[in-house]
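Q: Structure file final_9.cif, mmCIF, C-alpha atoms, is pasted below:
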data_final
#
loop_
_atom_site.label_atom_id
_atom_site.label_comp_id
_atom_site.auth_asym_id
_atom_site.auth_seq_id
_atom_site.Cartn_x
_atom_site.Cartn_y
_atom_site.Cartn_z
CA MET N 527 6.04 20.98 3.79
CA LYS N 528 5.90 18.54 6.67
CA SER N 529 8.25 15.69 7.36
CA VAL N 530 7.32 12.11 8.14
CA GLN N 531 6.72 11.46 11.84
CA PHE N 532 8.55 8.17 12.19
CA ALA N 533 7.21 5.59 14.63
CA ASN N 534 9.02 5.42 17.95
CA VAL N 535 11.66 2.67 17.95
CA GLU N 536 11.37 1.94 21.68
CA GLU N 537 7.62 1.52 21.26
CA GLN N 538 8.23 -1.21 18.67
CA TYR N 539 10.40 -3.11 21.12
CA ARG N 540 7.74 -2.75 23.84
CA LYS N 541 4.91 -3.74 21.52
CA TYR N 542 6.63 -6.95 20.39
CA ALA N 543 8.68 -7.70 23.49
CA GLY N 544 9.96 -11.25 23.57
CA GLU N 545 9.87 -11.56 19.76
CA LEU N 546 11.64 -8.43 18.55
CA ARG N 547 15.17 -8.54 19.97
CA ALA N 548 17.73 -5.75 19.82
CA ALA N 549 20.45 -8.37 19.28
CA ASP N 550 18.79 -9.52 16.04
CA VAL N 551 18.36 -5.94 14.85
CA GLN N 552 22.08 -5.43 15.50
CA LYS N 553 22.96 -8.54 13.48
CA LEU N 554 20.86 -7.21 10.62
CA ARG N 555 22.56 -3.82 10.91
CA GLU N 556 25.97 -5.48 10.70
CA TRP N 557 24.90 -7.40 7.61
CA VAL N 558 23.71 -4.20 5.91
CA SER N 559 27.06 -2.58 6.74
CA SER N 560 28.82 -5.48 5.01
CA GLN N 561 26.92 -4.78 1.76
CA PRO N 562 28.59 -1.67 0.29
CA HIS N 563 25.98 -1.30 -2.48
CA LEU N 564 23.11 -0.80 -0.03
CA PRO N 565 22.08 2.66 1.23
CA PRO N 566 21.98 3.51 4.94
CA VAL N 567 19.11 1.73 6.73
CA THR N 568 17.61 3.18 9.93
CA GLU N 569 16.83 1.16 13.04
CA LEU N 570 13.08 1.53 12.42
CA GLU N 571 13.51 0.21 8.88
CA LEU N 572 15.57 -2.72 10.17
CA ILE N 573 12.78 -3.49 12.66
CA LEU N 574 10.13 -3.34 9.91
CA PHE N 575 12.12 -5.75 7.74
CA LEU N 576 12.71 -8.14 10.63
CA HIS N 577 9.14 -8.03 11.94
CA SER N 578 7.55 -8.47 8.51
CA ASN N 579 9.61 -11.64 8.09
CA TYR N 580 8.60 -13.00 11.50
CA TYR N 581 12.12 -12.37 12.87
CA ASP N 582 13.85 -14.64 10.33
CA LEU N 583 17.20 -12.92 9.72
CA GLU N 584 17.96 -14.48 6.35
CA ALA N 585 14.48 -13.71 5.05
CA ALA N 586 14.85 -10.11 6.28
CA GLN N 587 18.15 -9.84 4.38
CA ARG N 588 16.46 -10.99 1.17
CA THR N 589 13.65 -8.46 1.66
CA ILE N 590 16.13 -5.62 2.25
CA GLU N 591 18.05 -6.55 -0.89
CA CYS N 592 14.86 -6.68 -2.95
CA TYR N 593 13.34 -3.52 -1.42
CA TYR N 594 16.23 -1.21 -2.22
CA SER N 595 17.35 -2.84 -5.48
CA PHE N 596 13.84 -2.89 -6.91
CA ARG N 597 13.07 0.68 -5.88
CA SER N 598 16.31 1.77 -7.56
CA SER N 599 15.71 -0.10 -10.82
CA CYS N 600 11.93 -0.38 -11.41
CA LYS N 601 10.90 2.60 -13.53
CA ASN N 602 7.27 1.42 -13.75
CA LEU N 603 6.57 1.98 -10.07
CA PHE N 604 9.40 4.22 -8.86
CA GLY N 605 10.46 6.18 -11.95
CA ASN N 606 8.30 9.26 -11.38
CA ARG N 607 7.42 9.96 -7.76
CA ASN N 608 6.93 13.68 -8.31
CA LEU N 609 3.62 14.55 -6.67
CA GLU N 610 3.27 17.67 -8.81
CA ALA N 611 3.62 15.78 -12.10
CA ASN N 612 0.45 15.57 -14.22
CA PRO N 613 0.31 11.73 -14.27
CA ILE N 614 0.36 11.61 -10.45
CA GLN N 615 -2.19 14.43 -10.16
CA THR N 616 -4.50 12.51 -12.51
CA ALA N 617 -3.94 9.31 -10.55
CA MET N 618 -5.06 11.10 -7.38
CA ASP N 619 -8.31 12.06 -9.13
CA VAL N 620 -8.91 8.56 -10.52
CA LEU N 621 -8.08 6.53 -7.38
CA ASP N 622 -9.64 6.83 -3.94
CA LEU N 623 -7.29 5.20 -1.46
CA SER N 624 -8.06 5.27 2.24
CA ILE N 625 -6.67 3.74 5.42
CA LEU N 626 -9.34 2.60 7.83
CA PRO N 627 -8.80 4.19 11.25
CA GLU N 628 -9.52 1.07 13.34
CA LEU N 629 -7.61 -2.20 13.26
CA THR N 630 -9.39 -5.52 12.78
CA PRO N 631 -9.86 -7.74 15.87
CA GLU N 632 -6.64 -9.53 14.83
CA GLY N 633 -4.75 -6.22 14.82
CA TYR N 634 -4.58 -5.86 11.04
CA ARG N 635 -4.43 -2.51 9.24
CA VAL N 636 -6.90 -2.25 6.35
CA MET N 637 -6.54 -0.20 3.17
CA LEU N 638 -9.47 0.39 0.83
CA ALA N 639 -8.99 1.27 -2.85
CA LYS N 640 -11.58 2.25 -5.45
CA ILE N 641 -11.49 3.72 -8.96
CA VAL N 642 -13.81 6.73 -8.85
CA ASP N 643 -13.41 8.14 -12.37
CA PRO N 644 -14.83 5.73 -14.97
CA ASP N 645 -13.00 7.46 -17.86
CA ALA N 646 -10.51 4.79 -18.94
CA SER N 647 -8.48 7.36 -20.90
CA LYS N 648 -7.36 8.83 -17.55
CA PHE N 649 -6.42 5.43 -16.13
CA SER N 650 -2.68 4.83 -15.90
CA LEU N 651 -1.93 1.77 -13.82
CA SER N 652 1.74 2.66 -13.29
CA SER N 653 0.88 6.21 -12.10
CA ILE N 654 -1.89 4.97 -9.80
CA LEU N 655 0.39 2.35 -8.25
CA THR N 656 3.29 4.80 -7.98
CA PHE N 657 1.14 7.16 -5.93
CA ALA N 658 -0.41 4.35 -3.86
CA ILE N 659 3.06 3.07 -2.89
CA MET N 660 4.03 6.59 -1.77
CA CYS N 661 1.01 6.56 0.56
CA VAL N 662 1.95 3.09 1.82
CA ASP N 663 5.55 4.22 2.45
CA ILE N 664 4.42 6.99 4.79
CA GLN N 665 1.87 4.77 6.53
CA LEU N 666 4.54 2.14 7.22
CA TRP N 667 7.08 4.59 8.59
CA GLU N 668 4.59 6.42 10.78
CA GLU N 669 2.68 3.43 12.15
CA GLY N 670 5.59 1.04 12.52
CA CYS N 671 4.94 -2.66 13.05
CA ASN N 672 1.49 -4.17 13.20
CA ASN N 673 0.13 -7.71 13.17
CA GLY N 674 -0.71 -7.59 9.48
CA SER N 675 -2.10 -5.67 6.52
CA VAL N 676 -5.21 -6.24 4.43
CA LEU N 677 -6.07 -4.63 1.10
CA ILE N 678 -9.64 -4.31 -0.17
CA ILE N 679 -10.16 -3.26 -3.79
CA ASP N 680 -13.73 -2.21 -4.53
CA MET N 681 -14.03 -2.96 -8.25
CA ASP N 682 -17.29 -1.03 -8.67
CA GLY N 683 -16.41 1.56 -11.34
CA ILE N 684 -14.03 -0.67 -13.31
CA HIS N 685 -15.31 -1.69 -16.75
CA LEU N 686 -14.08 -3.44 -19.91
CA GLY N 687 -12.47 -0.22 -21.13
CA HIS N 688 -9.96 -0.56 -18.29
CA LEU N 689 -8.88 -4.06 -19.31
CA PRO N 690 -6.40 -3.04 -22.06
CA LYS N 691 -4.88 -0.54 -19.60
CA LEU N 692 -3.89 -3.28 -17.13
CA GLY N 693 -0.29 -3.57 -18.32
CA ILE N 694 0.99 -7.05 -17.63
CA PHE N 695 4.56 -5.90 -16.91
CA THR N 696 3.33 -3.34 -14.38
CA LEU N 697 1.15 -5.98 -12.71
CA LYS N 698 4.12 -8.35 -12.63
CA ASP N 699 6.30 -5.65 -11.03
CA LEU N 700 3.62 -4.88 -8.44
CA LEU N 701 3.07 -8.50 -7.45
CA TYR N 702 6.82 -9.09 -7.23
CA PHE N 703 7.30 -6.07 -4.95
CA ILE N 704 4.34 -6.97 -2.72
CA GLN N 705 5.55 -10.54 -2.28
CA GLU N 706 9.31 -10.05 -2.11
CA GLY N 707 10.13 -6.46 -1.14
CA LEU N 708 7.38 -4.76 0.85
CA PRO N 709 8.06 -5.02 4.62
CA ILE N 710 4.51 -5.87 5.67
CA ARG N 711 2.76 -9.01 6.87
CA LEU N 712 0.14 -9.31 4.17
CA LYS N 713 -2.87 -11.15 5.59
CA GLY N 714 -5.56 -10.66 2.97
CA LEU N 715 -6.25 -9.33 -0.51
CA HIS N 716 -9.94 -8.89 -1.26
CA LEU N 717 -11.53 -7.90 -4.55
CA ALA N 718 -15.11 -6.82 -3.84
CA ASN N 719 -17.91 -6.15 -6.32
CA VAL N 720 -15.91 -8.17 -8.85
CA VAL N 721 -16.40 -7.42 -12.53
CA PRO N 722 -17.85 -9.99 -14.98
CA PHE N 723 -14.46 -10.24 -16.73
CA ILE N 724 -12.54 -11.09 -13.54
CA ASP N 725 -11.47 -14.42 -15.08
CA ARG N 726 -9.53 -12.52 -17.76
CA ILE N 727 -7.77 -10.47 -15.08
CA MET N 728 -6.99 -13.59 -13.06
CA THR N 729 -5.48 -15.24 -16.14
CA MET N 730 -3.09 -12.28 -16.37
CA ILE N 731 -2.01 -12.16 -12.73
CA ARG N 732 -2.17 -15.77 -11.51
CA PRO N 733 1.24 -16.74 -13.00
CA PHE N 734 2.89 -14.05 -10.84
CA MET N 735 1.21 -15.07 -7.57
CA LYS N 736 2.85 -17.45 -5.13
CA LYS N 737 0.78 -20.11 -3.36
CA GLU N 738 0.78 -18.02 -0.15
CA LEU N 739 -0.74 -15.02 -1.92
CA LEU N 740 -3.32 -17.12 -3.76
CA GLU N 741 -4.44 -18.59 -0.44
CA MET N 742 -5.23 -15.14 1.00
CA PHE N 743 -6.80 -13.86 -2.23
CA HIS N 744 -10.59 -13.58 -2.08
CA LEU N 745 -13.18 -12.61 -4.70
CA HIS N 746 -16.54 -11.19 -3.61
CA THR N 747 -19.44 -10.55 -5.97
CA SER N 748 -20.80 -8.05 -3.41
CA MET N 749 -19.61 -6.51 -0.14
CA GLN N 750 -21.66 -8.96 1.98
CA THR N 751 -19.22 -11.87 1.74
CA LEU N 752 -16.38 -9.54 2.77
CA TYR N 753 -17.78 -8.96 6.26
CA PRO N 754 -16.78 -12.33 7.78
CA HIS N 755 -13.19 -11.29 7.00
CA ILE N 756 -13.47 -7.56 7.75
CA PRO N 757 -16.19 -6.50 10.22
CA GLN N 758 -18.57 -4.06 8.52
CA HIS N 759 -18.38 -1.49 11.33
CA LEU N 760 -14.69 -0.85 10.49
CA LEU N 761 -15.62 0.37 7.00
CA PRO N 762 -16.59 3.92 5.99
CA VAL N 763 -20.18 5.03 6.46
CA ASP N 764 -20.61 4.73 2.66
CA TYR N 765 -20.38 0.94 3.15
CA GLY N 766 -22.69 0.86 6.16
CA GLY N 767 -19.80 1.07 8.61
CA ALA N 768 -18.98 3.42 11.47
CA ALA N 769 -15.84 5.04 10.04
CA ARG N 770 -15.88 8.49 8.45
CA PRO N 771 -16.84 8.73 4.74
CA ARG N 772 -14.36 7.23 2.29
CA LYS N 773 -13.71 10.62 0.71
CA ALA N 774 -12.82 12.19 4.07
CA LEU N 775 -10.37 9.38 4.82
CA ARG N 776 -8.98 9.73 1.30
CA ASP N 777 -8.49 13.48 1.74
CA ASP N 778 -6.62 12.96 5.03
CA LEU N 779 -4.26 10.46 3.42
CA TYR N 780 -3.67 12.46 0.23
CA ASN N 781 -3.15 15.78 2.01
CA HIS N 782 -0.60 14.22 4.35
CA THR N 783 1.20 12.46 1.48
CA VAL N 784 1.44 15.77 -0.43
CA GLU N 785 2.73 17.50 2.72
CA CYS N 786 5.53 14.93 2.86
CA GLY N 787 6.40 15.26 -0.85
CA THR N 788 9.76 16.95 -0.30
CA PHE N 789 10.76 14.35 2.26
CA LEU N 790 9.81 11.53 -0.11
CA ALA N 791 11.95 13.05 -2.88
CA LYS N 792 14.96 13.27 -0.53
CA TYR N 793 14.36 9.71 0.68
CA ASP N 794 14.34 8.40 -2.89
CA MET N 795 17.64 10.14 -3.64
CA LEU N 796 19.29 8.79 -0.49
CA LYS N 797 17.97 5.23 -0.57
CA ARG N 798 19.40 4.07 -3.86
CA VAL N 799 21.50 1.01 -4.52
CA ASP N 800 24.97 1.70 -5.94
CA GLU N 801 25.51 -1.22 -8.31
CA SER N 802 29.15 -0.22 -8.86
CA LYS N 803 29.83 -1.19 -5.23
CA ARG N 804 27.97 -4.50 -5.24
CA ILE N 805 30.20 -7.42 -4.23
CA VAL N 806 29.82 -10.07 -6.92
CA LYS N 807 30.46 -13.60 -5.70
CA THR N 808 32.50 -15.86 -7.95
CA ALA N 809 32.68 -19.64 -8.08
CA ASP N 810 35.88 -19.45 -6.03
CA ASP N 811 33.93 -17.82 -3.18
CA GLY N 812 31.97 -21.03 -2.69
#
With the file now loaded, output its structure as structure tokens.
A:
Amino acid sequence: MKSVQFANVEEQYRKYAGELRAADVQKLREWVSSQPHLPPVTELELILFLHSNYYDLEAAQRTIECYYSFRSSCKNLFGNRNLEANPIQTAMDVLDLSILPELTPEGYRVMLAKIVDPDASKFSLSSILTFAIMCVDIQLWEEGCNNGSVLIIDMDGIHLGHLPKLGIFTLKDLLYFIQEGLPIRLKGLHLANVVPFIDRIMTMIRPFMKKELLEMFHLHTSMQTLYPHIPQHLLPVDYGGAARPRKALRDDLYNHTVECGTFLAKYDMLKRVDESKRIVKTADDG
């Protein structure tokens, strides 16, 4: 079993010199120390929270609070992160998730997701998302800060049989975590090869999407209209791009995530909120 190779802290300061300031990271560290219910937070994690919030300290505090509290309480997405469990093994067979090796011209990291097993009986949204978030965790820690993140979901392979399996509470949890707790600068969410019943899916998820997310949310009936946003050459060769095949990229990501399974389990145990220690403000506190 391998451990996660965390991004170099000094490199983050060099990369975002003039914006990322050690003094602000220290202020954030002091705030975390004043919250007895929060787990220990590393300097790299503090930097990720600060950077993802464009160096707004109060916004970073809110993200930290959400990140750890939600991961501790949300059973839908964080209740079973055992990579050897059958639901996660099935999710790995059903979902192809890959991280494109090259950044966009704007410096954005792109993730590509696709359902590759059409058998709806194997489709568990909570298990698929649980595993996907584990992959994202490792990617964040190892890459460190970047200018932004983009997610492409290729809907080819999704059919009406999947619709009843799109649990509304799981979707609500996911959209809440993406918008409030995930320390990334989300720059685009693209659904490509959209299904004929996309309106029914949008009716389910739109109430949980803030204006900012709706503005970066794009629907594409084919891949062609995606290319003005994401240059085609960045995509896998399966999509006419120059990157390695999607399955090869998927195998790299999955193998590395499995290698880090023990580390992830230890991280989850360590990084839990202790609600018994939370300081509850009263009216007298102002």
Q: Taking all atoms listed in the file into account, which of N:Pro709, N:Gly714, N:Gly767, N:Pro644 comes nearest Ile678 (chain N)?
A: N:Gly714
Q: Provide the CA of Asp699 (chain N) to CA of Leu739 (chain N) distance in Å, to one decimal place.
A: 14.8 Å
Q: What residues come out when you apply the PyMOL selection byres ((chain N and resi 796) around 12) to this file, written as an MDAnalysis selection string?
A: chainID N and resid 564:568 594 597:598 789:795 797:800
Q: Do you have the CA of Ser560 (chain N)-CA of Ile590 (chain N) distance handy?
A: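 Between CA of Ser560 (chain N) and CA of Ile590 (chain N) the gap works out to 13.0 Å.
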Q: Just checking: using all atoms listed in the file, which residue out of N:Glu741, N:Asp682, N:Leu626, N:Thr729 ends up closest to Leu775 (chain N)?
A: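 Closest to Leu775 (chain N) of all the choices is N:Leu626.
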Q: Have a look at CA of Leu609 (chain N) and CA of Leu651 (chain N) and let me know their distance in Å, one decimal.
A: 15.7 Å
Q: Which residue, N:Ala639, N:Leu686, N:Ser653, N:Leu583, has the smallest gap to Asn612 (chain N) when you use only C-alpha atoms?
A: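 Comparing N:Ala639, N:Leu686, N:Ser653, N:Leu583 against Asn612 (chain N), the winner is N:Ser653.
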Q: Can you turn the PyMOL selection byres ((chain N and resi 664) around 12) into a concrete residue list for this file, as an MDAnalysis selection string?
A: chainID N and resid 528:533 625 657:663 665:670 779:787 789:790 793
Q: Mind writing the picked residues with C-alpha atoms as a short mmCIF file (atom, residue, chain, number, x, y, z; two decimals), in the frame of the given file?
A:
data_model
loop_
_atom_site.label_atom_id
_atom_site.label_comp_id
_atom_site.auth_asym_id
_atom_site.auth_seq_id
_atom_site.Cartn_x
_atom_site.Cartn_y
_atom_site.Cartn_z
CA LYS N 528 5.90 18.54 6.67
CA SER N 529 8.25 15.69 7.36
CA VAL N 530 7.32 12.11 8.14
CA GLN N 531 6.72 11.46 11.84
CA PHE N 532 8.55 8.17 12.19
CA ALA N 533 7.21 5.59 14.63
CA ILE N 625 -6.67 3.74 5.42
CA PHE N 657 1.14 7.16 -5.93
CA ALA N 658 -0.41 4.35 -3.86
CA ILE N 659 3.06 3.07 -2.89
CA MET N 660 4.03 6.59 -1.77
CA CYS N 661 1.01 6.56 0.56
CA VAL N 662 1.95 3.09 1.82
CA ASP N 663 5.55 4.22 2.45
CA GLN N 665 1.87 4.77 6.53
CA LEU N 666 4.54 2.14 7.22
CA TRP N 667 7.08 4.59 8.59
CA GLU N 668 4.59 6.42 10.78
CA GLU N 669 2.68 3.43 12.15
CA GLY N 670 5.59 1.04 12.52
CA LEU N 779 -4.26 10.46 3.42
CA TYR N 780 -3.67 12.46 0.23
CA ASN N 781 -3.15 15.78 2.01
CA HIS N 782 -0.60 14.22 4.35
CA THR N 783 1.20 12.46 1.48
CA VAL N 784 1.44 15.77 -0.43
CA GLU N 785 2.73 17.50 2.72
CA CYS N 786 5.53 14.93 2.86
CA GLY N 787 6.40 15.26 -0.85
CA PHE N 789 10.76 14.35 2.26
CA LEU N 790 9.81 11.53 -0.11
CA TYR N 793 14.36 9.71 0.68
#
Q: Given the file shown, determine the residues that the PyMOL selection byres ((chain N and resi 728) around 12) selects; report them as a list of chain:residue names.
A: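 What the PyMOL selection byres ((chain N and resi 728) around 12) grabs from the file is N:Leu689, N:Leu692, N:Ile694, N:Leu697, N:Leu717, N:Val720, N:Val721, N:Pro722, N:Phe723, N:Ile724, N:Asp725, N:Arg726, N:Ile727, N:Thr729, N:Met730, N:Ile731, N:Arg732, N:Pro733, N:Phe734, N:Met735, N:Leu740, N:Phe743, N:His744, N:Leu745.
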Q: Of the candidates N:Asp778, N:Asp619, N:Asp645, N:Glu569, which shows the shortest atom-to-atom distance to Glu536 (chain N), using all atoms listed in the file?
A: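 Distance minimum relative to Glu536 (chain N) lands on N:Glu569.
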Q: Using all atoms listed in the file for the distances, tell me which of N:Leu623, N:Ile805, N:Val535, N:Leu576 is nearest to Val636 (chain N).
A: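 Closest candidate: N:Leu623.
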Q: Counting all atoms listed in the file, what is within 6 Å of Ser624 (chain N), bar same-chain residues fewer than 4 positions away, as a list in words?
A: Met637, Leu638, Leu775 and Arg776 of chain N
Q: Within 12 Å of (24.2, -6.1, 12.8) (coordinates as in the file), grab all the protein and nucleic acid residues, counting only C-alpha atoms, and write them out as a tab-separated table (two decimals) with C-alpha atoms, in the frame of the given file.
A:
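Contents of the output file part28.tsv:
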chain	number	residue	atom	x	y	z
N	547	ARG	CA	15.17	-8.54	19.97
N	548	ALA	CA	17.73	-5.75	19.82
N	549	ALA	CA	20.45	-8.37	19.28
N	550	ASP	CA	18.79	-9.52	16.04
N	551	VAL	CA	18.36	-5.94	14.85
N	552	GLN	CA	22.08	-5.43	15.50
N	553	LYS	CA	22.96	-8.54	13.48
N	554	LEU	CA	20.86	-7.21	10.62
N	555	ARG	CA	22.56	-3.82	10.91
N	556	GLU	CA	25.97	-5.48	10.70
N	557	TRP	CA	24.90	-7.40	7.61
N	558	VAL	CA	23.71	-4.20	5.91
N	559	SER	CA	27.06	-2.58	6.74
N	560	SER	CA	28.82	-5.48	5.01
N	561	GLN	CA	26.92	-4.78	1.76
N	567	VAL	CA	19.11	1.73	6.73
N	568	THR	CA	17.61	3.18	9.93
N	569	GLU	CA	16.83	1.16	13.04
N	572	LEU	CA	15.57	-2.72	10.17
N	573	ILE	CA	12.78	-3.49	12.66
N	576	LEU	CA	12.71	-8.14	10.63
N	583	LEU	CA	17.20	-12.92	9.72
N	587	GLN	CA	18.15	-9.84	4.38
Q: Name the residues in contact with Phe596 (chain N) at a cut-off of 9 Å, using only C-alpha atoms, excluding same-chain residues fewer than 3 positions from it; report them as a count of residues only.
A: 9
